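Below is the file entry_6.cif, which contains mmCIF, C-alpha atoms.
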```cif
data_upload
#
loop_
_atom_site.label_atom_id
_atom_site.label_comp_id
_atom_site.auth_asym_id
_atom_site.auth_seq_id
_atom_site.Cartn_x
_atom_site.Cartn_y
_atom_site.Cartn_z
CA MET A 26 29.11 133.36 139.62
CA LYS A 27 32.56 134.26 140.74
CA LEU A 28 34.37 135.27 143.85
CA ASP A 29 37.21 137.77 143.80
CA VAL A 30 39.63 137.84 146.71
CA THR A 31 42.28 140.55 146.86
CA MET A 32 44.95 140.87 149.52
CA GLU A 33 46.21 144.28 150.67
CA HIS A 34 49.12 144.76 153.08
CA GLN A 35 48.20 147.63 155.34
CA SER A 36 51.32 147.54 157.50
CA ALA A 37 53.68 145.00 159.02
CA GLY A 38 51.63 142.08 160.24
CA VAL A 39 48.33 143.67 159.28
CA ILE A 40 46.49 142.22 156.30
CA ASN A 41 43.30 143.36 154.62
CA LEU A 42 41.47 140.79 152.51
CA VAL A 43 38.84 142.22 150.18
CA VAL A 44 36.17 139.70 149.15
CA VAL A 45 33.70 140.40 146.35
CA GLY A 46 30.99 138.06 145.09
CA VAL A 47 28.98 135.13 146.36
CA VAL A 48 30.45 132.77 148.97
CA ASN A 49 28.87 129.33 148.77
CA ILE A 50 29.78 125.66 148.43
CA HIS A 51 31.14 126.36 144.95
CA THR A 52 33.24 129.44 145.70
CA SER A 53 34.24 129.07 149.36
CA PRO A 54 37.32 126.94 148.55
CA ARG A 55 38.72 130.03 146.80
CA LEU A 56 38.23 132.08 149.94
CA ARG A 57 39.86 129.35 152.02
CA ASP A 58 42.83 129.18 149.65
CA ALA A 59 43.36 132.91 150.03
CA LEU A 60 42.78 133.04 153.76
CA LYS A 61 44.70 130.01 154.97
CA PRO A 62 48.23 131.31 154.11
CA LEU A 63 47.51 134.50 156.04
CA LEU A 64 46.86 132.71 159.31
CA THR A 65 50.49 132.64 160.42
CA GLU A 66 52.51 133.79 163.39
CA GLN A 67 53.91 136.65 161.31
CA ASN A 68 50.53 138.29 161.00
CA LYS A 69 48.94 140.01 163.96
CA GLU A 70 45.71 141.22 162.40
CA VAL A 71 43.64 139.94 159.53
CA HIS A 72 40.78 142.15 158.37
CA ILE A 73 38.16 140.79 155.98
CA ASP A 74 36.28 143.39 153.94
CA LEU A 75 32.92 141.84 153.06
CA ALA A 76 31.22 144.92 151.60
CA GLY A 77 31.16 143.28 148.18
CA VAL A 78 29.72 139.96 149.38
CA SER A 79 26.01 139.65 148.61
CA PHE A 80 25.50 136.10 149.85
CA MET A 81 27.24 133.72 152.22
CA ASP A 82 26.30 130.20 153.27
CA SER A 83 27.60 127.92 156.01
CA SER A 84 30.62 126.89 153.95
CA GLY A 85 31.71 130.54 153.94
CA ILE A 86 31.10 130.90 157.65
CA ALA A 87 33.03 127.71 158.35
CA THR A 88 35.94 129.15 156.38
CA LEU A 89 35.86 132.33 158.45
CA VAL A 90 35.71 130.27 161.65
CA GLU A 91 39.21 129.07 160.78
CA GLY A 92 40.34 132.68 161.04
CA LEU A 93 38.55 133.04 164.33
CA GLN A 94 40.29 129.98 165.70
CA TRP A 95 43.64 131.28 164.47
CA ALA A 96 43.05 134.55 166.31
CA ARG A 97 42.23 132.77 169.55
CA GLN A 98 45.23 130.50 169.35
CA SER A 99 47.74 133.13 168.26
CA GLY A 100 46.43 136.12 170.17
CA GLY A 101 45.88 137.97 166.91
CA ARG A 102 42.82 139.81 165.67
CA PHE A 103 40.44 138.56 163.02
CA VAL A 104 37.92 141.24 162.11
CA LEU A 105 35.00 141.18 159.66
CA HIS A 106 34.14 144.54 158.10
CA LYS A 107 31.17 146.09 156.30
CA LEU A 108 28.80 143.15 156.20
CA GLN A 109 25.75 143.68 154.05
CA ALA A 110 22.47 143.24 155.93
CA VAL A 111 21.71 139.88 154.29
CA VAL A 112 25.14 138.54 155.23
CA LEU A 113 24.93 139.85 158.78
CA ASP A 114 21.53 138.15 158.96
CA VAL A 115 23.17 134.77 158.28
CA PHE A 116 25.62 135.32 161.14
CA MET A 117 22.67 136.22 163.38
CA LEU A 118 20.71 133.14 162.32
CA ALA A 119 23.79 131.06 163.14
CA LYS A 120 24.14 132.92 166.45
CA LEU A 121 27.70 133.79 165.51
CA ASP A 122 27.28 137.56 165.28
CA THR A 123 28.53 137.97 168.83
CA VAL A 124 31.34 135.44 168.45
CA PHE A 125 33.13 137.19 165.60
CA GLU A 126 34.55 140.68 165.85
CA ILE A 127 32.34 142.53 163.38
CA ALA A 128 32.96 146.17 162.52
CA GLN A 129 30.81 148.60 160.58
CA PRO A 130 27.91 146.54 159.27
CA LEU A 131 26.27 148.22 156.31
CA ILE A 132 22.70 149.25 157.15
CA GLU A 133 20.66 148.64 154.06
CA ASP A 134 18.00 146.22 155.23
CA LYS A 135 15.20 146.30 152.68
CA ALA A 136 12.97 143.91 154.59
CA MET B 25 11.07 109.76 158.93
CA ASP B 26 9.79 113.16 159.77
CA CYS B 27 11.91 115.97 161.13
CA ASN B 28 9.59 118.91 161.47
CA SER B 29 10.61 122.23 162.82
CA ASP B 30 7.91 124.41 164.37
CA SER B 31 5.50 123.96 161.53
CA ASN B 32 3.07 126.76 162.38
CA ASN B 33 0.40 124.24 161.39
CA ALA B 34 1.45 124.71 157.80
CA ARG B 35 0.51 121.10 157.01
CA ASN B 36 -3.07 121.60 158.08
CA LYS B 37 -3.83 124.26 155.50
CA GLN B 38 -6.16 123.35 152.69
CA PRO B 39 -4.50 124.08 149.33
CA LEU B 40 -6.33 125.58 146.40
CA LYS B 41 -5.83 124.11 142.95
CA ARG B 42 -2.26 124.64 141.82
CA ASN B 43 -1.53 126.84 138.84
CA GLN B 44 1.12 125.65 136.37
CA VAL B 45 2.69 129.11 136.53
CA ASP B 46 3.35 128.61 140.23
CA GLN B 47 5.74 125.71 139.85
CA LEU B 48 9.18 124.93 138.50
CA ASN B 49 11.09 121.69 138.34
CA PHE B 50 14.25 120.32 136.84
CA GLN B 51 16.96 117.71 137.09
CA LEU B 52 20.32 118.60 138.62
CA ASN B 53 23.57 116.83 139.12
CA THR B 54 25.49 117.32 142.33
CA GLN B 55 28.22 119.53 140.96
CA PRO B 56 28.78 122.46 143.35
CA ASP B 57 28.25 125.00 140.56
CA CYS B 58 24.64 123.84 140.27
CA VAL B 59 24.00 125.76 143.46
CA HIS B 60 23.87 128.90 141.29
CA ILE B 61 21.02 127.40 139.26
CA LEU B 62 19.15 126.73 142.47
CA ARG B 63 19.70 130.29 143.59
CA ALA B 64 18.23 131.64 140.36
CA MET B 65 15.23 129.35 140.67
CA VAL B 66 14.58 130.36 144.26
CA GLU B 67 14.75 134.01 143.30
CA VAL B 68 12.11 133.47 140.61
CA MET B 69 9.79 131.72 143.05
CA ALA B 70 10.47 134.30 145.75
CA ALA B 71 9.61 137.13 143.37
CA ARG B 72 6.36 135.39 142.45
CA SER B 73 5.63 135.13 146.17
CA ASN B 74 6.41 138.81 146.85
CA LEU B 75 9.07 137.93 149.39
CA THR B 76 11.28 140.70 150.71
CA ASP B 77 14.98 140.72 149.87
CA MET B 78 15.78 139.42 153.35
CA GLU B 79 13.26 136.59 153.07
CA THR B 80 14.53 135.73 149.60
CA ASN B 81 18.07 135.51 150.91
CA ARG B 82 17.01 133.30 153.80
CA VAL B 83 14.99 130.94 151.63
CA ALA B 84 17.84 130.77 149.10
CA LEU B 85 20.22 130.01 151.97
CA ALA B 86 18.09 127.12 153.25
CA VAL B 87 17.77 125.60 149.76
CA ASP B 88 21.51 126.09 149.19
CA GLU B 89 22.30 124.35 152.47
CA LEU B 90 20.12 121.35 151.75
CA PHE B 91 21.64 120.93 148.30
CA ALA B 92 25.12 121.18 149.83
CA ASN B 93 24.24 118.51 152.39
CA ILE B 94 22.92 116.17 149.73
CA THR B 95 26.04 116.76 147.65
CA CYS B 96 28.58 116.43 150.47
CA HIS B 97 26.98 113.94 152.83
CA GLY B 98 24.43 112.11 150.69
CA TYR B 99 26.57 111.56 147.62
CA ASN B 100 29.89 112.07 149.43
CA ASN B 101 30.98 114.63 146.82
CA LYS B 102 30.59 112.08 144.04
CA PRO B 103 28.40 112.64 140.98
CA GLY B 104 24.76 112.13 141.72
CA SER B 105 21.31 113.01 140.49
CA VAL B 106 18.81 115.28 142.20
CA THR B 107 15.32 116.17 141.07
CA PHE B 108 14.28 119.57 142.32
CA GLU B 109 10.75 120.91 142.36
CA SER B 110 9.32 124.12 143.70
CA HIS B 111 5.77 125.37 143.82
CA LEU B 112 3.80 128.14 145.39
CA GLN B 113 0.77 126.91 147.28
CA HIS B 114 -2.20 129.19 147.86
CA ASN B 115 -4.31 128.06 150.78
CA GLU B 116 -7.98 128.75 151.32
CA ASP B 117 -7.19 130.87 154.35
CA GLY B 118 -5.15 133.26 152.22
CA LEU B 119 -1.77 131.93 153.31
CA GLN B 120 0.89 131.31 150.70
CA GLU B 121 3.50 128.62 151.13
CA LEU B 122 6.63 128.09 149.12
CA HIS B 123 7.42 124.39 148.77
CA PHE B 124 10.80 122.99 147.74
CA THR B 125 11.30 119.27 147.19
CA PHE B 126 14.57 117.47 146.57
CA ARG B 127 14.58 113.83 145.50
CA ASP B 128 17.98 112.16 145.59
CA TYR B 129 19.19 108.62 144.93
CA ALA B 130 21.91 108.62 147.55
CA PRO B 131 22.07 106.09 150.40
CA THR B 132 19.24 106.57 152.86
CA VAL B 133 20.14 109.13 155.50
CA ASN B 134 19.54 108.64 159.19
CA ILE B 135 18.62 112.07 160.49
CA SER B 136 17.82 111.00 164.05
CA HIS B 137 21.03 112.58 165.31
CA TRP B 138 20.34 115.91 163.67
CA ASN B 139 19.72 118.90 165.82
CA CYS B 140 16.32 120.07 164.67
CA GLY B 141 15.83 122.61 167.43
CA LYS B 142 15.85 126.31 166.74
CA SER B 143 17.06 127.42 170.11
CA LYS B 144 20.31 125.54 170.53
CA PRO B 145 23.08 128.07 170.98
CA CYS B 146 25.77 127.90 168.34
CA HIS B 147 29.33 128.19 169.49
CA ASP B 148 32.22 128.90 167.23
CA LEU B 149 33.78 125.53 167.90
CA ASP B 150 30.53 123.80 167.04
CA ILE B 151 30.96 124.13 163.30
CA THR B 152 30.87 120.51 162.28
CA PRO B 153 30.31 119.44 158.69
CA GLY B 154 26.63 119.71 157.97
CA GLY B 155 25.79 120.85 161.47
CA LEU B 156 25.59 124.58 160.91
CA GLY B 157 23.78 124.16 157.61
CA ILE B 158 21.10 122.00 159.21
CA ARG B 159 20.60 124.53 161.97
CA LEU B 160 20.23 127.31 159.42
CA ILE B 161 17.65 125.31 157.46
CA HIS B 162 15.58 124.72 160.56
CA SER B 163 15.84 128.30 161.71
CA ILE B 164 14.49 129.55 158.37
CA MET B 165 11.94 127.01 157.18
CA ASP B 166 8.55 126.38 158.76
CA VAL B 167 8.55 122.72 157.80
CA VAL B 168 11.51 120.44 157.17
CA GLN B 169 10.63 116.90 156.20
CA HIS B 170 12.74 113.92 155.27
CA GLU B 171 11.40 110.69 153.85
CA ALA B 172 13.67 107.67 153.48
CA LEU B 173 12.81 105.84 150.26
CA HIS B 174 13.96 102.43 149.09
CA ASP B 175 16.29 104.05 146.57
CA GLY B 176 17.11 107.39 148.11
CA ASN B 177 15.66 110.29 150.02
CA GLN B 178 13.00 112.91 149.59
CA TRP B 179 13.37 116.24 151.31
CA THR B 180 10.69 118.89 151.60
CA LEU B 181 11.14 122.44 152.79
CA ILE B 182 8.13 124.71 153.29
CA TYR B 183 8.30 128.42 153.89
CA VAL B 184 5.15 130.30 154.91
CA CYS B 185 5.21 133.72 153.23
CA LYS B 186 4.72 135.75 156.36
CA HIS B 187 5.91 139.20 155.29
CA ALA B 188 3.87 139.11 152.08
CA ILE B 189 0.82 138.60 154.28
CA LYS B 190 1.78 141.44 156.60
CA ARG B 191 2.14 143.79 153.66
CA GLY B 192 -1.34 142.87 152.49
CA ARG B 193 -0.18 141.15 149.36
CA PRO B 194 -2.17 138.08 148.33
#
```

Can you give me the file's structure in the form of structure tokens?
Amino acid sequence: MKLDVTMEHQSAGVINLVVVGVVNIHTSPRLRDALKPLLTEQNKEVHIDLAGVSFMDSSGIATLVEGLQWARQSGGRFVLHKLQAVVLDVFMLAKLDTVFEIAQPLIEDKA
Amino acid sequence: MDCNSDSNNARNKQPLKRNQVDQLNFQLNTQPDCVHILRAMVEVMAARSNLTDMETNRVALAVDELFANITCHGYNNKPGSVTFESHLQHNEDGLQELHFTFRDYAPTVNISHWNCGKSKPCHDLDITPGGLGIRLIHSIMDVVQHEALHDGNQWTLIYVCKHAIKRGRP
């Protein structure tokens, strides 16, 4: 299993991070390594595209919480985009779906 | 020590004789990449139980979280051994239960401080190591049991296959 993380500069101070794969105890350090350098004063918005993430556990959520804390401390925006239904479900189970700024969840619940 | 979530009386069900086809077991070490093996195993058992994709993801998440806790907090990220067993239990009342058992040889864990409740609100600043994972396990599984042994711990997770029943599948 692998996790691909690609950074795209949208404009000055606005970063888009595209994550593809499975985020778990094995792969989440890779996400953290990619995310951490982006949480600086120079950046105003960090957008995380999760359309390609099919599974996320608490280690992945904890990594994203670091982005949330950065946004609150710096006044920036930290936005999660295009969560698959199973990933959104994890945020709901953790009662964090209303804490994060989540845009455009994918509706493909097969339950 | 017992740390049950709302068990839905799952422990009171009378099991039928277990079929060899309905169980899997193997030995793992506590390398983080072994979590992918667990995932594959859970998916096999979930398919045999006719779980939906959402249920499968939830059950896989709970198993993943327990393995991560054993790895990080039981063995302190050092090499360790875990025996994992899963079986599908058919009860006389028609209920199916998926059972997952982890046996580790890490120092005995005191779980008395764990939050086993399902209703505790989770705040973003409340992400402590192990804390969120434990809450997720309890919010998904019908039974969560821990037994302190003289040379380690035994953990049992039980998931009652609710949606399979609703869809009329045996």

Tell me which of A:Ala76, A:Val47, A:Ile40, A:Leu121 sits closest to Lys107 (chain A), counting only C-alpha atoms. A:Ala76

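Residues from chain A found within 7 Å of chain B are Ile50, His51, Asp82, Ser83, Ala87, Val90, Val111, Leu118, Ala119, Lys120, Leu121, Val124, Lys135 and Ala136 of chain A, counting all atoms listed in the file.
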
Since we have the selection now, will you write its residues out, keeping C-alpha atoms, as an mmCIF file, in the coordinates of the input?
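Output (part.cif):
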```cif
data_model
loop_
_atom_site.group_PDB
_atom_site.id
_atom_site.type_symbol
_atom_site.label_atom_id
_atom_site.label_comp_id
_atom_site.auth_asym_id
_atom_site.auth_seq_id
_atom_site.Cartn_x
_atom_site.Cartn_y
_atom_site.Cartn_z
ATOM 1 C CA ILE A 50 29.780 125.660 148.430
ATOM 2 C CA HIS A 51 31.140 126.360 144.950
ATOM 3 C CA ASP A 82 26.300 130.200 153.270
ATOM 4 C CA SER A 83 27.600 127.920 156.010
ATOM 5 C CA ALA A 87 33.030 127.710 158.350
ATOM 6 C CA VAL A 90 35.710 130.270 161.650
ATOM 7 C CA VAL A 111 21.710 139.880 154.290
ATOM 8 C CA LEU A 118 20.710 133.140 162.320
ATOM 9 C CA ALA A 119 23.790 131.060 163.140
ATOM 10 C CA LYS A 120 24.140 132.920 166.450
ATOM 11 C CA LEU A 121 27.700 133.790 165.510
ATOM 12 C CA VAL A 124 31.340 135.440 168.450
ATOM 13 C CA LYS A 135 15.200 146.300 152.680
ATOM 14 C CA ALA A 136 12.970 143.910 154.590
#
```

For Ser84 (chain A), find every residue with an atom within 8 Å (counting all atoms listed in the file), except residues of its own chain fewer than 5 positions away, and show them as a list in words. Val48, Asn49, Ile50 and Ser53 of chain A

Taking the file as shown, what set of residues would the PyMOL selection byres ((chain A and resi 56-63) around 8) give back, as a PyMOL selection string? chain A and resi 28+30+40+42+44+48+52-55+64-65+68+71+85+88+92

Selection to disk with C-alpha atoms, as a PDB file, in the coordinates of the input:
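Everything below was put into result-v5.pdb:
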```
ATOM      1  CA  LEU A  28      34.370 135.270 143.850  1.00  0.00           C
ATOM      2  CA  VAL A  30      39.630 137.840 146.710  1.00  0.00           C
ATOM      3  CA  ILE A  40      46.490 142.220 156.300  1.00  0.00           C
ATOM      4  CA  LEU A  42      41.470 140.790 152.510  1.00  0.00           C
ATOM      5  CA  VAL A  44      36.170 139.700 149.150  1.00  0.00           C
ATOM      6  CA  VAL A  48      30.450 132.770 148.970  1.00  0.00           C
ATOM      7  CA  THR A  52      33.240 129.440 145.700  1.00  0.00           C
ATOM      8  CA  SER A  53      34.240 129.070 149.360  1.00  0.00           C
ATOM      9  CA  PRO A  54      37.320 126.940 148.550  1.00  0.00           C
ATOM     10  CA  ARG A  55      38.720 130.030 146.800  1.00  0.00           C
ATOM     11  CA  LEU A  64      46.860 132.710 159.310  1.00  0.00           C
ATOM     12  CA  THR A  65      50.490 132.640 160.420  1.00  0.00           C
ATOM     13  CA  ASN A  68      50.530 138.290 161.000  1.00  0.00           C
ATOM     14  CA  VAL A  71      43.640 139.940 159.530  1.00  0.00           C
ATOM     15  CA  GLY A  85      31.710 130.540 153.940  1.00  0.00           C
ATOM     16  CA  THR A  88      35.940 129.150 156.380  1.00  0.00           C
ATOM     17  CA  GLY A  92      40.340 132.680 161.040  1.00  0.00           C
TER      18      GLY A  92
END
```

What does the PyMOL selection byres ((chain B and resi 73) around 9) select in this file, as a compact mmCIF listing (two decimals) with C-alpha atoms, keeping the file's coordinate frame?
```txt
# COMPACT_ATOMS: atom_id res chain seq x y z
CA VAL B 68 12.11 133.47 140.61
CA MET B 69 9.79 131.72 143.05
CA ALA B 70 10.47 134.30 145.75
CA ALA B 71 9.61 137.13 143.37
CA ARG B 72 6.36 135.39 142.45
CA ASN B 74 6.41 138.81 146.85
CA LEU B 75 9.07 137.93 149.39
CA LEU B 112 3.80 128.14 145.39
CA GLN B 120 0.89 131.31 150.70
CA GLU B 121 3.50 128.62 151.13
CA LEU B 122 6.63 128.09 149.12
CA CYS B 185 5.21 133.72 153.23
CA ALA B 188 3.87 139.11 152.08
CA ARG B 193 -0.18 141.15 149.36
CA PRO B 194 -2.17 138.08 148.33
```

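The space separating CA of Lys102 (chain B) from CA of Tyr183 (chain B) comes to 29.3 Å.
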
Could you expand the PyMOL selection byres ((chain B and resi 126-132) around 8) into the explicit residues it covers here, written as a PyMOL selection string? chain B and resi 94+98-99+104-109+124-125+133-134+172-180

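If you look at CA of Val78 (chain A) and CA of Glu67 (chain B), they are 17.2 Å away from each other.
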
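The coordinates place CA of Ser99 (chain A) at 18.3 Å from CA of Ser36 (chain A).
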
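The shortest atom-to-atom distance to Asn115 (chain B), with all atoms listed in the file taken into account, belongs to B:Val184 out of B:Thr54, B:Val184, B:Val66, B:His170.
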